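Data block for run.cif (mmCIF, C-alpha atoms):
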```
data_start
loop_
_atom_site.label_atom_id
_atom_site.label_comp_id
_atom_site.auth_asym_id
_atom_site.auth_seq_id
_atom_site.Cartn_x
_atom_site.Cartn_y
_atom_site.Cartn_z
CA CYS A 10 80.13 88.39 168.96
CA PHE A 11 83.28 86.53 170.01
CA VAL A 12 82.52 83.83 167.41
CA THR A 13 84.08 85.44 164.36
CA CYS A 14 84.59 84.51 160.71
CA ASN A 15 81.64 82.13 160.63
CA ASN A 16 82.22 81.26 156.99
CA MET A 17 85.74 80.10 157.76
CA LEU A 18 84.48 78.03 160.68
CA VAL A 19 81.86 76.34 158.49
CA THR A 20 84.49 75.55 155.87
CA LEU A 21 86.85 74.10 158.46
CA THR A 22 84.07 72.01 159.98
CA LYS A 23 83.19 70.55 156.59
CA ASN A 24 86.83 69.72 155.91
CA PHE A 25 87.32 68.13 159.33
CA ARG A 26 84.26 65.93 158.77
CA HIS A 27 86.19 64.33 155.92
CA ILE A 28 89.24 63.82 158.13
CA ILE A 29 87.71 62.58 161.39
CA PRO A 30 86.07 59.46 159.85
CA THR A 31 89.53 58.48 158.66
CA PHE A 32 90.62 58.41 162.32
CA ALA A 33 87.80 56.03 163.18
CA PHE A 34 87.66 53.65 160.24
CA SER A 35 91.19 53.19 158.94
CA ARG A 36 92.22 49.62 159.77
CA ARG A 37 95.89 50.49 159.78
CA GLY A 38 95.46 53.48 162.09
CA ILE A 39 95.68 57.06 160.82
CA SER A 40 96.09 57.07 157.05
CA ASP A 41 98.43 59.33 155.13
CA THR A 42 95.32 60.70 153.38
CA ALA A 43 94.15 62.35 156.61
CA THR A 44 97.56 63.90 157.15
CA ILE A 45 97.70 65.25 153.60
CA ARG A 46 94.20 66.67 153.78
CA LEU A 47 94.90 68.47 157.03
CA TYR A 48 98.23 69.79 155.76
CA ARG A 49 96.47 71.23 152.70
CA ILE A 50 93.83 72.88 154.90
CA LEU A 51 96.59 74.58 156.88
CA LEU A 52 98.31 75.72 153.67
CA ARG A 53 95.07 77.28 152.42
CA GLN A 54 94.64 79.10 155.72
CA LEU A 55 98.13 80.56 155.42
CA GLN A 56 97.18 82.25 152.15
CA VAL A 57 94.79 84.66 153.91
CA LEU A 58 97.46 85.81 156.36
CA PRO A 59 99.60 88.89 155.60
CA SER A 60 102.84 88.34 153.74
CA LYS A 61 104.60 90.85 156.00
CA SER A 62 105.35 90.40 159.69
CA PHE A 63 102.30 90.26 161.98
CA LEU A 64 101.44 89.39 165.57
CA LEU A 65 100.33 85.86 166.37
CA GLN A 66 98.03 86.38 169.33
CA THR A 67 95.26 84.65 171.25
CA PRO A 68 91.63 85.86 171.11
CA LEU A 69 90.56 88.56 173.56
CA ASN A 70 89.26 87.17 176.83
CA PRO A 71 86.46 89.25 178.43
CA GLN A 72 87.78 88.25 181.86
CA ASP A 73 90.89 90.34 181.16
CA TYR A 74 88.82 93.53 180.83
CA GLY A 75 90.48 96.29 182.87
CA ARG A 76 93.64 94.28 183.50
CA ALA A 77 97.19 95.28 182.62
CA ARG A 78 100.61 93.66 182.73
CA LEU A 79 104.22 94.58 182.04
CA ILE A 80 106.19 91.73 180.49
CA HIS A 81 109.43 90.99 178.71
CA SER A 82 109.17 90.37 174.99
CA LEU A 83 111.32 87.48 173.78
CA SER A 84 112.76 88.41 170.41
CA PRO A 85 115.57 87.03 168.23
CA LYS A 86 117.89 89.70 169.60
CA ALA A 87 116.86 88.96 173.17
CA ALA A 88 117.26 85.23 172.64
CA GLY A 89 120.74 85.57 171.24
CA SER A 90 122.06 83.59 168.26
CA GLU A 91 121.63 80.16 169.84
CA PHE A 92 119.11 79.02 167.23
CA ALA A 93 120.25 81.23 164.34
CA ASN A 94 118.36 80.00 161.25
CA GLY A 95 116.07 77.76 163.27
CA TYR A 96 115.03 80.42 165.74
CA GLU A 97 111.66 81.14 164.11
CA VAL A 98 110.65 77.48 164.00
CA HIS A 99 111.73 77.00 167.61
CA ALA A 100 109.88 80.12 168.77
CA LEU A 101 106.66 79.22 166.96
CA CYS A 102 106.65 75.63 168.25
CA ASN A 103 107.30 76.96 171.75
CA LEU A 104 104.39 79.40 171.40
CA PHE A 105 102.05 76.71 170.13
CA ALA A 106 103.01 74.39 172.98
CA ARG A 107 102.17 77.16 175.45
CA TRP A 108 98.82 77.72 173.73
CA LEU A 109 98.07 74.00 173.99
CA LEU A 110 99.14 73.83 177.64
CA ALA A 111 96.92 76.81 178.46
CA ASP A 112 93.87 74.71 177.56
CA ASP A 113 92.22 72.39 180.06
CA ASN A 114 94.27 69.19 179.72
CA ASN A 115 94.51 66.03 181.75
CA ARG A 116 97.92 64.60 182.64
CA GLU A 117 98.05 62.31 179.61
CA GLU A 118 97.22 65.15 177.21
CA GLU A 119 99.84 67.40 178.82
CA ALA A 120 102.44 64.63 178.58
CA SER A 121 101.62 64.19 174.87
CA ILE A 122 102.11 67.92 174.24
CA LEU A 123 105.51 67.85 175.93
CA MET A 124 106.53 64.73 173.98
CA TRP A 125 105.40 66.31 170.70
CA TYR A 126 107.52 69.36 171.44
CA LYS A 127 110.61 67.29 172.22
CA ASP A 128 110.15 65.16 169.09
CA THR A 129 109.85 68.28 166.91
CA ILE A 130 112.50 70.55 168.42
CA GLY A 131 114.85 68.03 170.00
CA GLN A 132 114.77 69.77 173.38
CA GLU A 133 112.74 69.53 176.56
CA PHE A 134 110.02 72.12 176.95
CA HIS A 135 110.69 74.41 179.93
CA ASN A 136 107.59 76.04 181.37
CA ASP A 137 108.73 77.05 184.83
CA ARG A 138 107.11 80.49 184.83
CA ASP A 139 103.48 81.40 185.33
CA HIS A 140 101.67 82.29 182.10
CA ASP A 141 101.05 85.85 183.30
CA ASP A 142 104.80 86.45 183.43
CA PHE A 143 105.51 86.07 179.74
CA GLU A 144 103.90 86.63 176.38
CA MET A 145 101.39 84.30 174.80
CA CYS A 146 102.04 85.90 171.41
CA SER A 147 104.86 86.23 168.92
CA TRP A 148 105.78 88.23 165.83
CA SER A 149 105.96 86.03 162.79
CA SER A 150 105.33 85.85 159.04
CA ARG A 151 103.53 83.59 156.61
CA GLU A 152 106.86 82.13 155.47
CA SER A 153 107.97 81.35 159.03
CA ILE A 154 104.70 79.60 159.84
CA LEU A 155 105.03 77.57 156.63
CA SER A 156 108.55 76.50 157.62
CA SER A 157 107.27 75.49 161.06
CA LEU A 158 104.42 73.46 159.57
CA ARG A 159 106.82 71.63 157.28
CA THR A 160 109.12 70.88 160.21
CA CYS A 161 106.23 69.50 162.30
CA PHE A 162 104.79 67.34 159.53
CA ARG A 163 108.22 65.94 158.54
CA VAL A 164 109.05 64.51 161.97
CA GLU A 165 109.48 60.79 161.23
CA LYS A 166 110.24 59.20 164.58
CA SER A 167 107.68 60.22 167.16
CA THR A 168 106.67 58.98 170.61
CA VAL A 169 103.25 60.63 170.16
CA HIS A 170 100.41 58.69 168.50
CA LYS A 171 99.58 60.00 165.02
CA LYS A 172 95.96 60.61 166.02
CA GLU A 173 97.11 62.90 168.83
CA LYS A 174 99.48 64.74 166.49
CA LEU A 175 96.71 65.34 163.98
CA GLY A 176 94.53 66.52 166.85
CA PHE A 177 97.21 69.12 167.61
CA ALA A 178 97.23 70.09 163.92
CA ILE A 179 93.45 70.64 164.01
CA LYS A 180 93.93 72.93 167.01
CA ALA A 181 96.65 74.77 165.07
CA SER A 182 94.15 75.26 162.25
CA LEU A 183 91.60 76.75 164.63
CA HIS A 184 94.27 79.05 166.07
CA LEU A 185 95.20 80.22 162.56
CA GLN A 186 91.52 80.93 161.92
CA ASN A 187 91.41 83.13 165.03
CA VAL A 188 94.63 84.90 164.02
CA ALA A 189 93.23 85.67 160.56
CA CYS A 190 90.03 87.06 162.08
CA MET A 191 91.93 89.26 164.52
CA GLN A 192 94.10 90.63 161.72
CA GLU A 193 90.95 92.15 160.23
CA LYS A 194 90.35 94.07 163.47
CA SER A 195 93.93 95.10 164.27
CA THR A 196 96.37 97.85 163.37
CA THR A 197 100.08 98.29 164.02
CA SER A 198 101.84 101.63 164.50
CA ILE A 199 105.56 102.33 164.99
CA LYS A 200 107.27 105.58 165.94
CA ASP A 201 110.48 106.43 167.83
CA GLY A 202 111.20 102.79 168.65
CA ILE A 203 107.73 102.18 170.12
CA ARG A 204 105.40 99.70 168.45
CA VAL A 205 101.67 99.69 169.25
CA VAL A 206 99.27 96.91 168.26
CA ALA A 207 95.55 97.51 168.79
CA THR A 208 92.98 94.72 168.45
CA SER A 209 89.23 94.81 169.05
CA SER A 210 86.38 92.34 169.52
CA CYS A 211 82.66 92.67 170.11
CA ILE A 212 81.60 91.29 173.50
CA GLY A 213 77.84 91.76 173.30
CA THR A 214 75.20 94.43 173.71
CA ALA A 215 74.22 96.68 176.60
CA SER A 216 70.47 96.07 176.72
CA SER A 217 69.65 96.27 180.42
CA GLY A 218 66.57 98.45 180.99
CA ILE A 219 66.30 99.46 177.32
CA ALA A 220 62.85 99.03 175.80
CA ASN A 221 63.71 100.06 172.24
CA ILE A 222 66.08 97.64 170.53
CA GLN A 223 67.36 100.50 168.35
CA ASP A 224 68.73 102.17 171.48
CA MET A 225 70.90 99.19 172.44
CA LYS A 226 74.63 99.77 172.58
CA HIS A 227 77.19 97.40 171.07
CA ARG A 228 79.98 96.72 173.54
CA PHE A 229 83.56 96.31 172.38
CA ALA A 230 86.73 95.22 174.13
CA TYR A 231 90.11 96.27 172.79
CA ARG A 232 93.57 95.06 173.67
CA ILE A 233 96.49 97.45 173.40
CA ARG A 234 100.07 96.23 173.24
CA VAL A 235 102.75 98.93 173.66
CA GLU A 236 106.27 97.61 173.02
CA ASN A 237 109.61 99.34 173.47
CA LEU A 238 111.52 97.58 170.70
CA PRO A 239 114.66 95.65 171.78
CA ASP A 240 116.96 97.72 169.55
CA ASN A 241 115.72 101.02 170.97
CA ASP A 242 118.32 102.84 173.06
CA LYS A 243 115.98 104.59 175.47
CA THR A 244 113.74 103.79 178.41
CA VAL A 245 110.26 105.32 178.21
CA GLN A 246 107.25 105.90 180.43
CA LEU A 247 103.64 105.93 179.27
CA LEU A 248 101.99 109.02 180.74
CA GLY A 249 98.54 109.10 179.19
CA ARG A 250 96.40 108.48 176.13
CA SER A 251 93.99 110.17 173.76
CA TRP A 252 91.20 108.41 171.86
CA SER A 253 88.77 109.43 169.13
CA ILE A 254 85.88 106.96 168.79
CA HIS A 255 83.79 107.11 165.61
CA GLU A 256 80.45 105.51 164.76
CA ASP A 257 79.84 104.68 161.10
CA ALA A 258 76.96 106.52 159.47
CA VAL A 259 73.66 104.61 159.29
CA THR A 260 70.98 105.26 156.67
CA GLY A 261 68.07 107.19 158.16
CA MET A 262 70.02 108.32 161.24
CA ALA A 263 71.77 111.61 161.81
CA PRO A 264 75.57 111.32 161.90
CA THR A 265 77.12 111.54 165.33
CA ASP A 266 80.19 113.43 166.46
CA PRO A 267 83.17 111.34 167.53
CA VAL A 268 83.68 110.72 171.22
CA VAL A 269 87.02 112.17 172.28
CA VAL A 270 88.86 111.04 175.40
CA ASP A 271 92.00 113.03 176.17
CA ALA A 272 93.86 112.06 179.33
CA PRO A 273 97.53 113.12 178.94
CA THR A 274 98.33 112.37 182.60
CA GLY A 275 95.90 109.50 183.24
CA GLY A 276 98.09 106.62 182.10
CA ALA A 277 96.17 103.59 180.82
CA VAL A 278 93.71 101.69 183.05
CA GLY A 279 95.35 103.49 185.97
CA HIS A 280 98.93 102.49 185.15
CA LEU A 281 101.90 104.63 184.08
CA PRO A 282 104.37 101.88 183.17
CA VAL A 283 108.08 102.30 182.52
CA LEU A 284 109.30 100.24 179.56
CA GLU A 285 112.94 99.31 179.25
CA PRO A 286 114.01 98.21 175.74
CA GLY A 287 112.45 94.82 175.01
CA TYR A 288 109.51 95.25 177.38
CA VAL A 289 105.79 95.30 176.60
CA PHE A 290 102.86 96.92 178.38
CA GLU A 291 99.56 95.25 177.53
CA TYR A 292 96.08 96.08 178.74
CA MET A 293 92.42 95.62 177.86
CA SER A 294 89.66 98.19 178.01
CA GLY A 295 86.48 98.90 176.07
CA CYS A 296 83.90 101.22 174.58
CA GLU A 297 80.31 101.23 173.32
CA LEU A 298 78.78 102.17 169.97
CA ALA A 299 75.18 102.83 169.00
CA THR A 300 76.02 101.43 165.55
CA LYS A 301 77.32 97.98 164.62
CA THR A 302 80.50 99.34 163.09
CA GLY A 303 82.96 102.13 163.70
CA ASN A 304 86.60 102.66 164.57
CA MET A 305 88.83 104.27 167.13
CA GLY A 306 92.33 105.63 167.06
CA GLY A 307 94.47 108.07 168.94
CA LYS A 308 97.87 108.39 170.56
CA PHE A 309 99.89 107.74 173.69
CA TYR A 310 101.74 110.44 175.57
CA MET A 311 105.25 109.21 176.41
CA ALA A 312 108.44 110.52 178.00
CA THR A 313 112.04 109.38 177.93
CA VAL A 314 113.18 108.50 181.46
CA PRO A 315 116.41 107.24 183.06
CA ALA A 316 116.93 103.48 183.10
CA GLY A 317 115.76 102.02 186.40
CA THR A 318 112.85 104.44 186.83
CA SER A 319 109.97 102.73 188.60
CA SER A 320 106.52 102.31 187.07
CA ALA A 321 103.68 104.19 188.75
CA ILE A 322 99.94 104.28 189.12
CA VAL A 323 97.54 107.21 188.96
CA GLY A 324 97.89 109.26 192.14
CA ASP A 325 101.65 108.71 192.54
CA GLU A 326 104.03 111.63 192.40
CA ILE A 327 105.52 111.50 188.91
CA SER A 328 108.37 113.73 187.81
CA SER A 329 108.05 112.63 184.16
CA PHE A 330 105.15 115.05 183.65
CA GLU A 331 107.63 117.94 183.93
CA LYS A 332 110.19 116.51 181.52
CA LYS A 333 110.99 118.29 178.29
CA ASP A 334 111.76 115.15 176.30
CA LYS A 335 108.14 114.05 175.95
CA PHE A 336 106.76 112.67 172.71
CA GLU A 337 103.63 111.13 171.24
CA VAL A 338 103.11 107.72 169.62
CA PRO A 339 100.13 107.39 167.27
CA VAL A 340 97.64 104.53 167.32
CA GLU A 341 96.31 103.93 163.84
CA PRO A 342 92.48 103.69 163.76
CA PHE A 343 91.35 100.08 164.24
CA PRO A 344 87.94 98.66 163.29
CA LEU A 345 85.09 98.09 165.73
CA ILE A 346 82.79 95.49 164.16
CA ALA A 347 79.80 93.77 165.75
CA ASP A 348 79.54 90.35 164.06
#
```
Write-out of the structure in C-alpha cells:
Amino acid sequence: CFVTCNNMLVTLTKNFRHIIPTFAFSRRGISDTATIRLYRILLRQLQVLPSKSFLLQTPLNPQDYGRARLIHSLSPKAAGSEFANGYEVHALCNLFARWLLADDNNREEEASILMWYKDTIGQEFHNDRDHDDFEMCSWSSRESILSSLRTCFRVEKSTVHKKEKLGFAIKASLHLQNVACMQEKSTTSIKDGIRVVATSSCIGTASSGIANIQDMKHRFAYRIRVENLPDNDKTVQLLGRSWSIHEDAVTGMAPTDPVVVDAPTGGAVGHLPVLEPGYVFEYMSGCELATKTGNMGGKFYMATVPAGTSSAIVGDEISSFEKKDKFEVPVEPFPLIAD
C-alpha cells in the first residue's frame, strides 16, 4: 500500500527508459537531449501540484509509528532577510540536499551531493545537526519549485559530472511524484495561529488469524504536524485530541457508525507538548478500517501558556487543564485510501 500512484510511476519509468540509454551510448557524454527530456518531465509533474502553498514532505515511514518529536520550523521570518528574494530557492535546494543525504550513500556519492549544492547555491552545505533535530519538510509553492528547477538546470560551471547531476534530477522527479501522491491524502487546517497538516498512508492489512478475507482490516498510518506559526504571539500547549473515523459505505453491507475517540486530557501518543512560536510537534499514529476507503477528522484541545512552560507527558501534573484560556483547533477530515 505504500507504493502509490502506480500510473505516475509507470509513466516516469517509460520516460526514464528513453533517458538512461542516452547516458550509456552518447559518445560525447551526456547529451543535451537527455537534460531537456528530464527537465520537461519535471515541468509536467509540477502541473499536478497545487498552485497555492503546500507542504513538501517525505513519505510516511512505518518505523516512525508511535513516535513524536518537537522541532523548530525554519521559515523566512525565522531565517531573517539574509536571502531575501533567493530564500525560497536556497531553502528548497537545502531541503533536497538533506533528502539526498538521508539515503544510503557512499563517500563519493555524498561528496557529489555536497559539491552539487555548493555549485548551485554558492555556499557550503552545513549539516552539523542530527536529522531528528530539524525538519525534513518545507512549505513551498509550484512557482517556487519551478524557480528552483530553473536555477539548478542553469548552473553552467559545475564540479559534478553531468550524469550524476541528472541522477539527482531523476531522484527529484521521484520525490515530486511522492509529494503529489501525499497531497491527495492530506489536509491543512489553520485557526488561532496554529496550523495542522494531516497525511495518511495505507500500511497493509491485519489478517492474522482471520479465515474470512472479507473480515480483514485495512491498516492506516497517519502523520500529524501541529505548528505554532512564527508570527503568532502566544505559546500554546497541546492537551488532548478528538477523532471521528468514518468507513465509506460498501454495496451489500450495512453502514457502520463512526468510531469516536475523545481524549481531551490524553495529549497525543502520550505527549503534551508546549509549542513556542515557530515550533512544530509531529507524530505518527494509526487506525484500521473494514473498508478500503474512509476518512478521519477531529480537533486538538489546546491552551495558551506562559513562555518557558515545560512540555509534559501523560501522568505528569499539568496546571494547563485548569486554565480558562483553552481553545480548540480543528483537523479537516483527511482521506484513508487503501491502494
Anything within 12 Å of (104.3, 75.0, 169.4): list those residues as number ranges by chain, counting all atoms listed in the file and sticking to the file's coordinates. A: 65, 97-111, 122-130, 134, 145-147, 154, 157-158, 160-161, 174, 177-178, 180-181, 184
Excluding same-chain residues fewer than 3 positions from segment 59-61 of chain A, what lies within 12 Å of it counting only C-alpha atoms, as a list in words?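 In the requested form, the answer reads Gln54, Leu55, Gln56, Leu64, Leu65, Trp148, Ser149, Ser150, Arg151, Glu152, Ser153, Ile154, Leu155, Leu185, Val188, Ala189, Cys190, Met191, Gln192, Glu193 and Thr197 of chain A.
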So which residues touch Phe229 of chain A within 10 Å, counting only C-alpha atoms, skipping near sequence neighbours fewer than 6 positions away, as an mmCIF file with C-alpha atoms, in the coordinates of the input?
```cif
data_model
loop_
_atom_site.group_PDB
_atom_site.id
_atom_site.type_symbol
_atom_site.label_atom_id
_atom_site.label_comp_id
_atom_site.auth_asym_id
_atom_site.auth_seq_id
_atom_site.Cartn_x
_atom_site.Cartn_y
_atom_site.Cartn_z
ATOM 1 C CA CYS A 10 80.130 88.390 168.960
ATOM 2 C CA PRO A 71 86.460 89.250 178.430
ATOM 3 C CA SER A 209 89.230 94.810 169.050
ATOM 4 C CA SER A 210 86.380 92.340 169.520
ATOM 5 C CA CYS A 211 82.660 92.670 170.110
ATOM 6 C CA ILE A 212 81.600 91.290 173.500
ATOM 7 C CA GLY A 213 77.840 91.760 173.300
ATOM 8 C CA THR A 214 75.200 94.430 173.710
ATOM 9 C CA SER A 294 89.660 98.190 178.010
ATOM 10 C CA GLY A 295 86.480 98.900 176.070
ATOM 11 C CA CYS A 296 83.900 101.220 174.580
ATOM 12 C CA GLU A 297 80.310 101.230 173.320
ATOM 13 C CA LEU A 298 78.780 102.170 169.970
ATOM 14 C CA LEU A 345 85.090 98.090 165.730
ATOM 15 C CA ILE A 346 82.790 95.490 164.160
ATOM 16 C CA ALA A 347 79.800 93.770 165.750
#
```
Evaluate the PyMOL selection byres ((chain A and resi 269) around 8) against this structure - the residues, as a PyMOL selection string, please. chain A and resi 251-254+267-268+270-271
May I have the residues from that selection written out with C-alpha atoms, as a tab-separated table (two decimals), in the frame of the given file?
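Saved to out_23.tsv:
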```tsv
chain	number	residue	atom	x	y	z
A	251	SER	CA	93.99	110.17	173.76
A	252	TRP	CA	91.20	108.41	171.86
A	253	SER	CA	88.77	109.43	169.13
A	254	ILE	CA	85.88	106.96	168.79
A	267	PRO	CA	83.17	111.34	167.53
A	268	VAL	CA	83.68	110.72	171.22
A	270	VAL	CA	88.86	111.04	175.40
A	271	ASP	CA	92.00	113.03	176.17
```
Distance in Å - atom CA of Asn114 of chain A versus atom CA of Arg78 of chain A: 25.5 Å
Among listed residues A:Leu175, A:Ser167, A:Ala277, A:Ser156, nearest Gly131 of chain A (using all atoms listed in the file):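 Residue with the minimum atom-to-atom distance to Gly131 of chain A: A:Ser167.
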Length of the atom CA of Ser320 of chain A to atom CA of Leu281 of chain A vector [Å]: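 Going from atom CA of Ser320 of chain A over to atom CA of Leu281 of chain A covers 6.0 Å.
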Where does the PyMOL selection byres ((chain A and resi 273) around 6) land in this file, that is, which residues does it pick, as a PyMOL selection string? chain A and resi 249-250+272+274-275
Would you save the residues from that selection as a short mmCIF file (atom, residue, chain, number, x, y, z; two decimals), in the frame of the given file, using C-alpha atoms?
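The new file result-v3.cif reads:
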```cif
data_model
loop_
_atom_site.label_atom_id
_atom_site.label_comp_id
_atom_site.auth_asym_id
_atom_site.auth_seq_id
_atom_site.Cartn_x
_atom_site.Cartn_y
_atom_site.Cartn_z
CA GLY A 249 98.54 109.10 179.19
CA ARG A 250 96.40 108.48 176.13
CA ALA A 272 93.86 112.06 179.33
CA THR A 274 98.33 112.37 182.60
CA GLY A 275 95.90 109.50 183.24
#
```
